[in-house]
Every structure is written in structure tokens, then in C-alpha cells.
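Text of target12.cif (mmCIF, N, CA and C atoms) as supplied:
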```
data_my_file
#
loop_
_atom_site.group_PDB
_atom_site.id
_atom_site.type_symbol
_atom_site.label_atom_id
_atom_site.label_comp_id
_atom_site.auth_asym_id
_atom_site.auth_seq_id
_atom_site.Cartn_x
_atom_site.Cartn_y
_atom_site.Cartn_z
ATOM 1 N N MET Y 1 9.877 -17.461 -14.765
ATOM 2 C CA MET Y 1 9.238 -18.162 -13.655
ATOM 3 C C MET Y 1 9.848 -17.676 -12.340
ATOM 4 N N LEU Y 2 8.979 -17.485 -11.351
ATOM 5 C CA LEU Y 2 9.429 -17.076 -10.026
ATOM 6 C C LEU Y 2 10.062 -18.250 -9.295
ATOM 7 N N LYS Y 3 11.061 -17.955 -8.494
ATOM 8 C CA LYS Y 3 11.710 -18.991 -7.702
ATOM 9 C C LYS Y 3 10.980 -19.118 -6.369
ATOM 10 N N VAL Y 4 10.583 -20.327 -6.029
ATOM 11 C CA VAL Y 4 9.879 -20.589 -4.781
ATOM 12 C C VAL Y 4 10.901 -20.996 -3.728
ATOM 13 N N LEU Y 5 10.864 -20.322 -2.588
ATOM 14 C CA LEU Y 5 11.801 -20.631 -1.518
ATOM 15 C C LEU Y 5 11.328 -21.804 -0.671
ATOM 16 N N LYS Y 6 10.029 -21.920 -0.502
ATOM 17 C CA LYS Y 6 9.463 -22.988 0.317
ATOM 18 C C LYS Y 6 8.304 -23.608 -0.447
ATOM 19 N N GLN Y 7 8.304 -24.915 -0.527
ATOM 20 C CA GLN Y 7 7.208 -25.591 -1.203
ATOM 21 C C GLN Y 7 6.003 -25.642 -0.269
ATOM 22 N N LEU Y 8 4.877 -25.197 -0.771
ATOM 23 C CA LEU Y 8 3.639 -25.210 -0.011
ATOM 24 C C LEU Y 8 2.681 -26.205 -0.644
ATOM 25 N N GLU Y 9 1.675 -26.594 0.126
ATOM 26 C CA GLU Y 9 0.655 -27.493 -0.403
ATOM 27 C C GLU Y 9 -0.686 -26.776 -0.351
ATOM 28 N N PHE Y 10 -1.426 -26.886 -1.443
ATOM 29 C CA PHE Y 10 -2.717 -26.217 -1.574
ATOM 30 C C PHE Y 10 -3.814 -27.222 -1.859
ATOM 31 N N LEU Y 11 -4.989 -26.927 -1.340
ATOM 32 C CA LEU Y 11 -6.199 -27.653 -1.700
ATOM 33 C C LEU Y 11 -7.102 -26.640 -2.387
ATOM 34 N N LEU Y 12 -7.408 -26.895 -3.648
ATOM 35 C CA LEU Y 12 -8.200 -25.962 -4.429
ATOM 36 C C LEU Y 12 -9.662 -26.361 -4.428
ATOM 37 N N ASP Y 13 -10.504 -25.419 -4.026
ATOM 38 C CA ASP Y 13 -11.943 -25.618 -4.085
ATOM 39 C C ASP Y 13 -12.355 -25.702 -5.555
ATOM 40 N N GLU Y 14 -13.546 -26.176 -5.790
ATOM 41 C CA GLU Y 14 -13.966 -26.478 -7.154
ATOM 42 C C GLU Y 14 -13.982 -25.284 -8.097
ATOM 43 N N HIS Y 15 -14.165 -24.082 -7.601
ATOM 44 C CA HIS Y 15 -14.262 -22.925 -8.482
ATOM 45 C C HIS Y 15 -12.926 -22.226 -8.710
ATOM 46 N N VAL Y 16 -11.858 -22.759 -8.154
ATOM 47 C CA VAL Y 16 -10.536 -22.142 -8.328
ATOM 48 C C VAL Y 16 -9.489 -23.129 -8.842
ATOM 49 N N ASP Y 17 -9.928 -24.281 -9.329
ATOM 50 C CA ASP Y 17 -8.955 -25.275 -9.764
ATOM 51 C C ASP Y 17 -8.148 -24.819 -10.976
ATOM 52 N N GLY Y 18 -8.558 -23.717 -11.595
ATOM 53 C CA GLY Y 18 -7.790 -23.144 -12.695
ATOM 54 C C GLY Y 18 -6.449 -22.570 -12.258
ATOM 55 N N PHE Y 19 -6.260 -22.356 -10.963
ATOM 56 C CA PHE Y 19 -4.993 -21.839 -10.448
ATOM 57 C C PHE Y 19 -3.937 -22.938 -10.306
ATOM 58 N N ALA Y 20 -4.323 -24.176 -10.481
ATOM 59 C CA ALA Y 20 -3.411 -25.304 -10.268
ATOM 60 C C ALA Y 20 -2.159 -25.208 -11.124
ATOM 61 N N LYS Y 21 -2.314 -24.899 -12.394
ATOM 62 C CA LYS Y 21 -1.171 -24.883 -13.309
ATOM 63 C C LYS Y 21 -0.088 -23.933 -12.821
ATOM 64 N N LYS Y 22 -0.468 -22.726 -12.436
ATOM 65 C CA LYS Y 22 0.529 -21.741 -11.994
ATOM 66 C C LYS Y 22 1.172 -22.158 -10.675
ATOM 67 N N LEU Y 23 0.384 -22.700 -9.753
ATOM 68 C CA LEU Y 23 0.945 -23.155 -8.484
ATOM 69 C C LEU Y 23 1.932 -24.303 -8.709
ATOM 70 N N LEU Y 24 1.572 -25.212 -9.585
ATOM 71 C CA LEU Y 24 2.459 -26.328 -9.905
ATOM 72 C C LEU Y 24 3.744 -25.833 -10.572
ATOM 73 N N GLU Y 25 3.627 -24.847 -11.474
ATOM 74 C CA GLU Y 25 4.807 -24.274 -12.129
ATOM 75 C C GLU Y 25 5.749 -23.631 -11.118
ATOM 76 N N LEU Y 26 5.185 -23.122 -10.023
ATOM 77 C CA LEU Y 26 5.995 -22.509 -8.969
ATOM 78 C C LEU Y 26 6.598 -23.548 -8.025
ATOM 79 N N GLY Y 27 6.272 -24.817 -8.252
ATOM 80 C CA GLY Y 27 6.858 -25.882 -7.456
ATOM 81 C C GLY Y 27 6.047 -26.306 -6.245
ATOM 82 N N HIS Y 28 4.804 -25.850 -6.164
ATOM 83 C CA HIS Y 28 3.955 -26.218 -5.034
ATOM 84 C C HIS Y 28 3.200 -27.508 -5.324
ATOM 85 N N LYS Y 29 2.701 -28.123 -4.281
ATOM 86 C CA LYS Y 29 1.849 -29.303 -4.402
ATOM 87 C C LYS Y 29 0.394 -28.832 -4.434
ATOM 88 N N VAL Y 30 -0.413 -29.542 -5.215
ATOM 89 C CA VAL Y 30 -1.817 -29.160 -5.359
ATOM 90 C C VAL Y 30 -2.701 -30.392 -5.228
ATOM 91 N N GLU Y 31 -3.749 -30.248 -4.423
ATOM 92 C CA GLU Y 31 -4.810 -31.247 -4.338
ATOM 93 C C GLU Y 31 -6.109 -30.557 -4.742
ATOM 94 N N TYR Y 32 -7.097 -31.346 -5.066
ATOM 95 C CA TYR Y 32 -8.368 -30.805 -5.532
ATOM 96 C C TYR Y 32 -9.516 -31.288 -4.645
ATOM 97 N N ALA Y 33 -10.349 -30.362 -4.201
ATOM 98 C CA ALA Y 33 -11.496 -30.712 -3.370
ATOM 99 C C ALA Y 33 -12.389 -31.723 -4.079
ATOM 100 N N LYS Y 34 -12.585 -31.528 -5.361
ATOM 101 C CA LYS Y 34 -13.452 -32.423 -6.135
ATOM 102 C C LYS Y 34 -12.949 -33.868 -6.074
ATOM 103 N N LYS Y 35 -11.637 -34.052 -6.210
ATOM 104 C CA LYS Y 35 -11.073 -35.410 -6.174
ATOM 105 C C LYS Y 35 -11.167 -36.018 -4.781
ATOM 106 N N LEU Y 36 -10.946 -35.202 -3.746
ATOM 107 C CA LEU Y 36 -11.093 -35.719 -2.376
ATOM 108 C C LEU Y 36 -12.524 -36.172 -2.131
ATOM 109 N N ARG Y 37 -13.478 -35.382 -2.618
ATOM 110 C CA ARG Y 37 -14.898 -35.728 -2.448
ATOM 111 C C ARG Y 37 -15.246 -37.019 -3.173
ATOM 112 N N GLU Y 38 -14.630 -37.245 -4.322
ATOM 113 C CA GLU Y 38 -14.879 -38.478 -5.074
ATOM 114 C C GLU Y 38 -14.303 -39.693 -4.354
ATOM 115 N N LYS Y 39 -13.174 -39.509 -3.655
ATOM 116 C CA LYS Y 39 -12.512 -40.616 -2.962
ATOM 117 C C LYS Y 39 -13.187 -40.977 -1.648
ATOM 118 N N ASP Y 40 -13.710 -39.968 -0.936
ATOM 119 C CA ASP Y 40 -14.230 -40.208 0.408
ATOM 120 C C ASP Y 40 -15.475 -39.364 0.652
ATOM 121 N N GLU Y 41 -16.556 -40.041 0.976
ATOM 122 C CA GLU Y 41 -17.848 -39.393 1.220
ATOM 123 C C GLU Y 41 -17.813 -38.290 2.268
ATOM 124 N N LYS Y 42 -16.972 -38.457 3.278
ATOM 125 C CA LYS Y 42 -16.962 -37.488 4.370
ATOM 126 C C LYS Y 42 -16.582 -36.086 3.897
ATOM 127 N N PHE Y 43 -15.888 -36.008 2.773
ATOM 128 C CA PHE Y 43 -15.463 -34.698 2.276
ATOM 129 C C PHE Y 43 -16.561 -33.961 1.507
ATOM 130 N N ARG Y 44 -17.728 -34.572 1.416
ATOM 131 C CA ARG Y 44 -18.866 -33.830 0.851
ATOM 132 C C ARG Y 44 -19.279 -32.716 1.800
ATOM 133 N N ASN Y 45 -18.940 -32.878 3.062
ATOM 134 C CA ASN Y 45 -19.196 -31.843 4.063
ATOM 135 C C ASN Y 45 -18.014 -30.881 4.038
ATOM 136 N N ASP Y 46 -18.293 -29.604 3.737
ATOM 137 C CA ASP Y 46 -17.211 -28.621 3.615
ATOM 138 C C ASP Y 46 -16.385 -28.488 4.885
ATOM 139 N N PHE Y 47 -17.006 -28.584 6.056
ATOM 140 C CA PHE Y 47 -16.238 -28.435 7.284
ATOM 141 C C PHE Y 47 -15.190 -29.544 7.414
ATOM 142 N N ASN Y 48 -15.544 -30.762 7.026
ATOM 143 C CA ASN Y 48 -14.572 -31.861 7.066
ATOM 144 C C ASN Y 48 -13.410 -31.596 6.112
ATOM 145 N N LEU Y 49 -13.716 -31.015 4.986
ATOM 146 C CA LEU Y 49 -12.687 -30.652 4.021
ATOM 147 C C LEU Y 49 -11.750 -29.603 4.618
ATOM 148 N N LEU Y 50 -12.317 -28.611 5.274
ATOM 149 C CA LEU Y 50 -11.520 -27.557 5.891
ATOM 150 C C LEU Y 50 -10.707 -28.092 7.070
ATOM 151 N N GLN Y 51 -11.294 -28.984 7.832
ATOM 152 C CA GLN Y 51 -10.572 -29.599 8.945
ATOM 153 C C GLN Y 51 -9.370 -30.396 8.430
ATOM 154 N N TYR Y 52 -9.547 -31.067 7.314
ATOM 155 C CA TYR Y 52 -8.459 -31.810 6.665
ATOM 156 C C TYR Y 52 -7.294 -30.875 6.343
ATOM 157 N N THR Y 53 -7.595 -29.684 5.833
ATOM 158 C CA THR Y 53 -6.523 -28.742 5.498
ATOM 159 C C THR Y 53 -5.769 -28.308 6.753
ATOM 160 N N LYS Y 54 -6.521 -28.068 7.810
ATOM 161 C CA LYS Y 54 -5.868 -27.628 9.047
ATOM 162 C C LYS Y 54 -4.984 -28.729 9.624
ATOM 163 N N GLU Y 55 -5.504 -29.949 9.663
ATOM 164 C CA GLU Y 55 -4.754 -31.076 10.228
ATOM 165 C C GLU Y 55 -3.497 -31.402 9.428
ATOM 166 N N ASN Y 56 -3.520 -31.109 8.128
ATOM 167 C CA ASN Y 56 -2.402 -31.471 7.258
ATOM 168 C C ASN Y 56 -1.579 -30.270 6.792
ATOM 169 N N ASN Y 57 -1.824 -29.107 7.408
ATOM 170 C CA ASN Y 57 -1.089 -27.876 7.087
ATOM 171 C C ASN Y 57 -1.126 -27.564 5.590
ATOM 172 N N ILE Y 58 -2.328 -27.643 5.030
ATOM 173 C CA ILE Y 58 -2.571 -27.368 3.616
ATOM 174 C C ILE Y 58 -3.336 -26.055 3.526
ATOM 175 N N ILE Y 59 -2.990 -25.231 2.569
ATOM 176 C CA ILE Y 59 -3.679 -23.956 2.378
ATOM 177 C C ILE Y 59 -4.878 -24.171 1.466
ATOM 178 N N PHE Y 60 -6.040 -23.831 1.966
ATOM 179 C CA PHE Y 60 -7.275 -23.967 1.192
ATOM 180 C C PHE Y 60 -7.486 -22.695 0.381
ATOM 181 N N VAL Y 61 -7.774 -22.843 -0.913
ATOM 182 C CA VAL Y 61 -8.041 -21.699 -1.774
ATOM 183 C C VAL Y 61 -9.487 -21.808 -2.242
ATOM 184 N N THR Y 62 -10.264 -20.742 -1.991
ATOM 185 C CA THR Y 62 -11.682 -20.776 -2.313
ATOM 186 C C THR Y 62 -12.218 -19.407 -2.699
ATOM 187 N N LYS Y 63 -13.290 -19.420 -3.454
ATOM 188 C CA LYS Y 63 -14.061 -18.212 -3.734
ATOM 189 C C LYS Y 63 -15.362 -18.247 -2.943
ATOM 190 N N ASP Y 64 -15.670 -19.383 -2.364
ATOM 191 C CA ASP Y 64 -16.933 -19.593 -1.656
ATOM 192 C C ASP Y 64 -16.980 -18.774 -0.373
ATOM 193 N N LYS Y 65 -17.986 -17.946 -0.250
ATOM 194 C CA LYS Y 65 -18.107 -17.052 0.906
ATOM 195 C C LYS Y 65 -18.213 -17.825 2.221
ATOM 196 N N GLN Y 66 -19.036 -18.862 2.247
ATOM 197 C CA GLN Y 66 -19.223 -19.636 3.478
ATOM 198 C C GLN Y 66 -17.925 -20.334 3.889
ATOM 199 N N ASN Y 67 -17.230 -20.937 2.934
ATOM 200 C CA ASN Y 67 -15.957 -21.591 3.255
ATOM 201 C C ASN Y 67 -14.912 -20.572 3.696
ATOM 202 N N GLY Y 68 -14.861 -19.449 3.017
ATOM 203 C CA GLY Y 68 -13.911 -18.409 3.381
ATOM 204 C C GLY Y 68 -14.155 -17.881 4.780
ATOM 205 N N GLN Y 69 -15.417 -17.672 5.111
ATOM 206 C CA GLN Y 69 -15.756 -17.170 6.441
ATOM 207 C C GLN Y 69 -15.456 -18.213 7.508
ATOM 208 N N THR Y 70 -15.716 -19.480 7.195
ATOM 209 C CA THR Y 70 -15.400 -20.559 8.135
ATOM 210 C C THR Y 70 -13.891 -20.605 8.396
ATOM 211 N N CYS Y 71 -13.104 -20.472 7.347
ATOM 212 C CA CYS Y 71 -11.640 -20.439 7.515
ATOM 213 C C CYS Y 71 -11.234 -19.284 8.418
ATOM 214 N N LYS Y 72 -11.764 -18.114 8.131
ATOM 215 C CA LYS Y 72 -11.415 -16.923 8.902
ATOM 216 C C LYS Y 72 -11.811 -17.085 10.370
ATOM 217 N N ASP Y 73 -13.022 -17.547 10.611
ATOM 218 C CA ASP Y 73 -13.528 -17.692 11.979
ATOM 219 C C ASP Y 73 -12.790 -18.744 12.789
ATOM 220 N N ASN Y 74 -12.256 -19.758 12.111
ATOM 221 C CA ASN Y 74 -11.605 -20.876 12.803
ATOM 222 C C ASN Y 74 -10.094 -20.901 12.630
ATOM 223 N N ASN Y 75 -9.559 -19.850 12.048
ATOM 224 C CA ASN Y 75 -8.120 -19.724 11.856
ATOM 225 C C ASN Y 75 -7.533 -20.891 11.055
ATOM 226 N N PHE Y 76 -8.241 -21.294 9.998
ATOM 227 C CA PHE Y 76 -7.751 -22.327 9.096
ATOM 228 C C PHE Y 76 -6.863 -21.667 8.047
ATOM 229 N N PRO Y 77 -5.820 -22.348 7.579
ATOM 230 C CA PRO Y 77 -4.980 -21.774 6.524
ATOM 231 C C PRO Y 77 -5.780 -21.673 5.226
ATOM 232 N N CYS Y 78 -5.960 -20.457 4.747
ATOM 233 C CA CYS Y 78 -6.879 -20.260 3.632
ATOM 234 C C CYS Y 78 -6.544 -18.992 2.848
ATOM 235 N N ILE Y 79 -6.752 -19.060 1.561
ATOM 236 C CA ILE Y 79 -6.757 -17.875 0.712
ATOM 237 C C ILE Y 79 -8.180 -17.767 0.193
ATOM 238 N N TRP Y 80 -8.873 -16.747 0.674
ATOM 239 C CA TRP Y 80 -10.276 -16.534 0.326
ATOM 240 C C TRP Y 80 -10.338 -15.407 -0.684
ATOM 241 N N LEU Y 81 -10.712 -15.753 -1.883
ATOM 242 C CA LEU Y 81 -10.825 -14.782 -2.959
ATOM 243 C C LEU Y 81 -12.246 -14.229 -2.976
ATOM 244 N N GLY Y 82 -12.530 -13.374 -1.997
ATOM 245 C CA GLY Y 82 -13.862 -12.807 -1.857
ATOM 246 C C GLY Y 82 -14.108 -11.677 -2.833
ATOM 247 N N ASP Y 83 -15.379 -11.388 -3.074
ATOM 248 C CA ASP Y 83 -15.760 -10.341 -4.007
ATOM 249 C C ASP Y 83 -15.187 -8.981 -3.618
ATOM 250 N N GLU Y 84 -15.178 -8.662 -2.329
ATOM 251 C CA GLU Y 84 -14.625 -7.375 -1.895
ATOM 252 C C GLU Y 84 -13.144 -7.277 -2.231
ATOM 253 N N GLN Y 85 -12.401 -8.323 -1.965
ATOM 254 C CA GLN Y 85 -10.973 -8.339 -2.262
ATOM 255 C C GLN Y 85 -10.742 -8.195 -3.765
ATOM 256 N N ILE Y 86 -11.492 -8.942 -4.547
ATOM 257 C CA ILE Y 86 -11.345 -8.872 -6.000
ATOM 258 C C ILE Y 86 -11.641 -7.461 -6.490
ATOM 259 N N PHE Y 87 -12.702 -6.852 -5.964
ATOM 260 C CA PHE Y 87 -13.044 -5.486 -6.366
ATOM 261 C C PHE Y 87 -11.948 -4.508 -5.965
ATOM 262 N N ASP Y 88 -11.552 -4.563 -4.682
ATOM 263 C CA ASP Y 88 -10.573 -3.603 -4.153
ATOM 264 C C ASP Y 88 -9.197 -3.737 -4.800
ATOM 265 N N GLU Y 89 -8.764 -4.966 -5.043
ATOM 266 C CA GLU Y 89 -7.401 -5.179 -5.518
ATOM 267 C C GLU Y 89 -7.274 -5.312 -7.034
ATOM 268 N N MET Y 90 -8.359 -5.654 -7.699
ATOM 269 C CA MET Y 90 -8.275 -5.875 -9.140
ATOM 270 C C MET Y 90 -9.052 -4.838 -9.952
ATOM 271 N N ILE Y 91 -10.297 -4.625 -9.603
ATOM 272 C CA ILE Y 91 -11.150 -3.753 -10.406
ATOM 273 C C ILE Y 91 -10.889 -2.281 -10.116
ATOM 274 N N LEU Y 92 -10.867 -1.919 -8.840
ATOM 275 C CA LEU Y 92 -10.693 -0.519 -8.466
ATOM 276 C C LEU Y 92 -9.429 0.109 -9.078
ATOM 277 N N PRO Y 93 -8.268 -0.536 -8.986
ATOM 278 C CA PRO Y 93 -7.076 0.059 -9.606
ATOM 279 C C PRO Y 93 -7.208 0.239 -11.128
ATOM 280 N N LYS Y 94 -7.932 -0.650 -11.787
ATOM 281 C CA LYS Y 94 -8.110 -0.574 -13.228
ATOM 282 C C LYS Y 94 -9.033 0.568 -13.634
ATOM 283 N N LEU Y 95 -9.887 1.010 -12.743
ATOM 284 C CA LEU Y 95 -10.802 2.107 -13.060
ATOM 285 C C LEU Y 95 -10.042 3.385 -13.432
ATOM 286 N N LYS Y 96 -8.863 3.547 -12.860
ATOM 287 C CA LYS Y 96 -8.038 4.728 -13.161
ATOM 288 C C LYS Y 96 -7.663 4.777 -14.639
ATOM 289 N N ASP Y 97 -7.564 3.610 -15.276
ATOM 290 C CA ASP Y 97 -7.234 3.557 -16.700
ATOM 291 C C ASP Y 97 -8.338 4.162 -17.578
ATOM 292 N N PHE Y 98 -9.543 4.249 -17.029
ATOM 293 C CA PHE Y 98 -10.678 4.726 -17.818
ATOM 294 C C PHE Y 98 -11.071 6.164 -17.488
ATOM 295 N N GLU Y 99 -10.389 6.775 -16.545
ATOM 296 C CA GLU Y 99 -10.722 8.152 -16.168
ATOM 297 C C GLU Y 99 -10.076 9.141 -17.126
#
```
Please express what this file holds, its structure, as C-alpha cells.
Amino acid sequence: MLKVLKQLEFLLDEHVDGFAKKLLELGHKVEYAKKLREKDEKFRNDFNLLQYTKENNIIFVTKDKQNGQTCKDNNFPCIWLGDEQIFDEMILPKLKDFE
């Protein structure tokens, strides 16, 4: 297990909640967008969810293009797992194994 120097807090969008276990093992705090939406109607609006992360210094993790772009455009703390990034960093290097 990696040693975490600083504990961070993450809010996981619905399509990335599978990352929770590893983040928790590293000692980070994790919240779930789905649970926030169940607790409070206002979080059904993605912008309100993103604003919550900014106000509370929480890193939002998403695969959603619209949410990722909103984070980027508004300087919200976010890890956007976009298709281009996944291709460039994960798939492209693996292609060398098949050449």
C-alpha cells in the first residue's frame, strides 16, 4: 500500500464510484454523488454538485464530458477521466505490446 502524505477528500460521480475502495485504502475520504442526490434535491443539478466540491475543497472525479468540461472551464478541483486521456495514457502505450 502506498503511503499518503496528505489526506484528500473526493466526490465520486456515479460512473466512477468503483474507485472508492482504492482511495479509501490510501487513507482519503470519499463521498458519492448518488448519495448526495438522494439526500438533497438540489444536487440533481450537476452544477450545484460541482459548486459543492469547490466550496468544500473536494476533488470531483468524473468520466462525464459535460461535468469535466464545466470543471475545467470554472477551475473546479476535478479529475476528469476523458476518453482522450484514457486513450493516450492507457491504450496507446499498450499498443506497443502488439507490434
Exercise. So which residues touch Asn56 in chain Y within 12 Å, counting only C-alpha atoms, skipping near sequence neighbours fewer than 6 positions away, as a ChimeraX atom specification?
Worked result: /Y:8-11,31,49-50,76-77
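Between CA of Leu26 in chain Y and atom N of Gln69 in chain Y the separation is 26.1 Å.
Summary of the local environment: counting all atoms listed in the file, residues at most 8 Å from Asp17 in chain Y, other than itself and those fewer than 3 positions away along its chain, are Leu11, Leu12, Asp13, Glu14, Ala20, Lys21, Glu31, Tyr32, Ala33 and Val61 of chain Y.
CA of Phe60 in chain Y is positioned 14.9 Å from atom N of Phe43 in chain Y.
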Exercise. Could you write out as a list in words the residues that the PyMOL selection byres (((chain Y and resi 83 and name CA) around 12) and name CA) matches in the shown file?
Worked result: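 Given this file, the PyMOL selection byres (((chain Y and resi 83 and name CA) around 12) and name CA) evaluates to Thr62, Lys63, Asp64, Lys65, Gly68, Trp80, Leu81, Gly82, Glu84, Gln85, Ile86, Phe87, Asp88, Glu89, Met90, Ile91 and Leu92 of chain Y.
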For this session: Just give me the gap between CA of Val16 in chain Y and CA of Asn75 in chain Y in Å, one decimal is fine.
Result: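 CA of Asn75 in chain Y lies at a distance of 20.5 Å from CA of Val16 in chain Y.
Counting all atoms listed in the file and comparing Y:Leu95, Y:Asp46, Y:His15, Y:Lys39, the residue that lies closest to Asn67 in chain Y is Y:Asp46.
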For this session: Step one, run DSSP on the backbone; step two, keep only residues of range 10-55 of chain Y assigned to strand (DSSP E); then write them as a PyMOL selection string.
Result: chain Y and resi 10-12+29-32
Problem set entry | Every residue of range 4-99 of chain Y that DSSP places in alpha helix (DSSP H), as an MDAnalysis selection string | chainID Y and resid 20:25 33:39 46:55 65:74 83:86 92:95
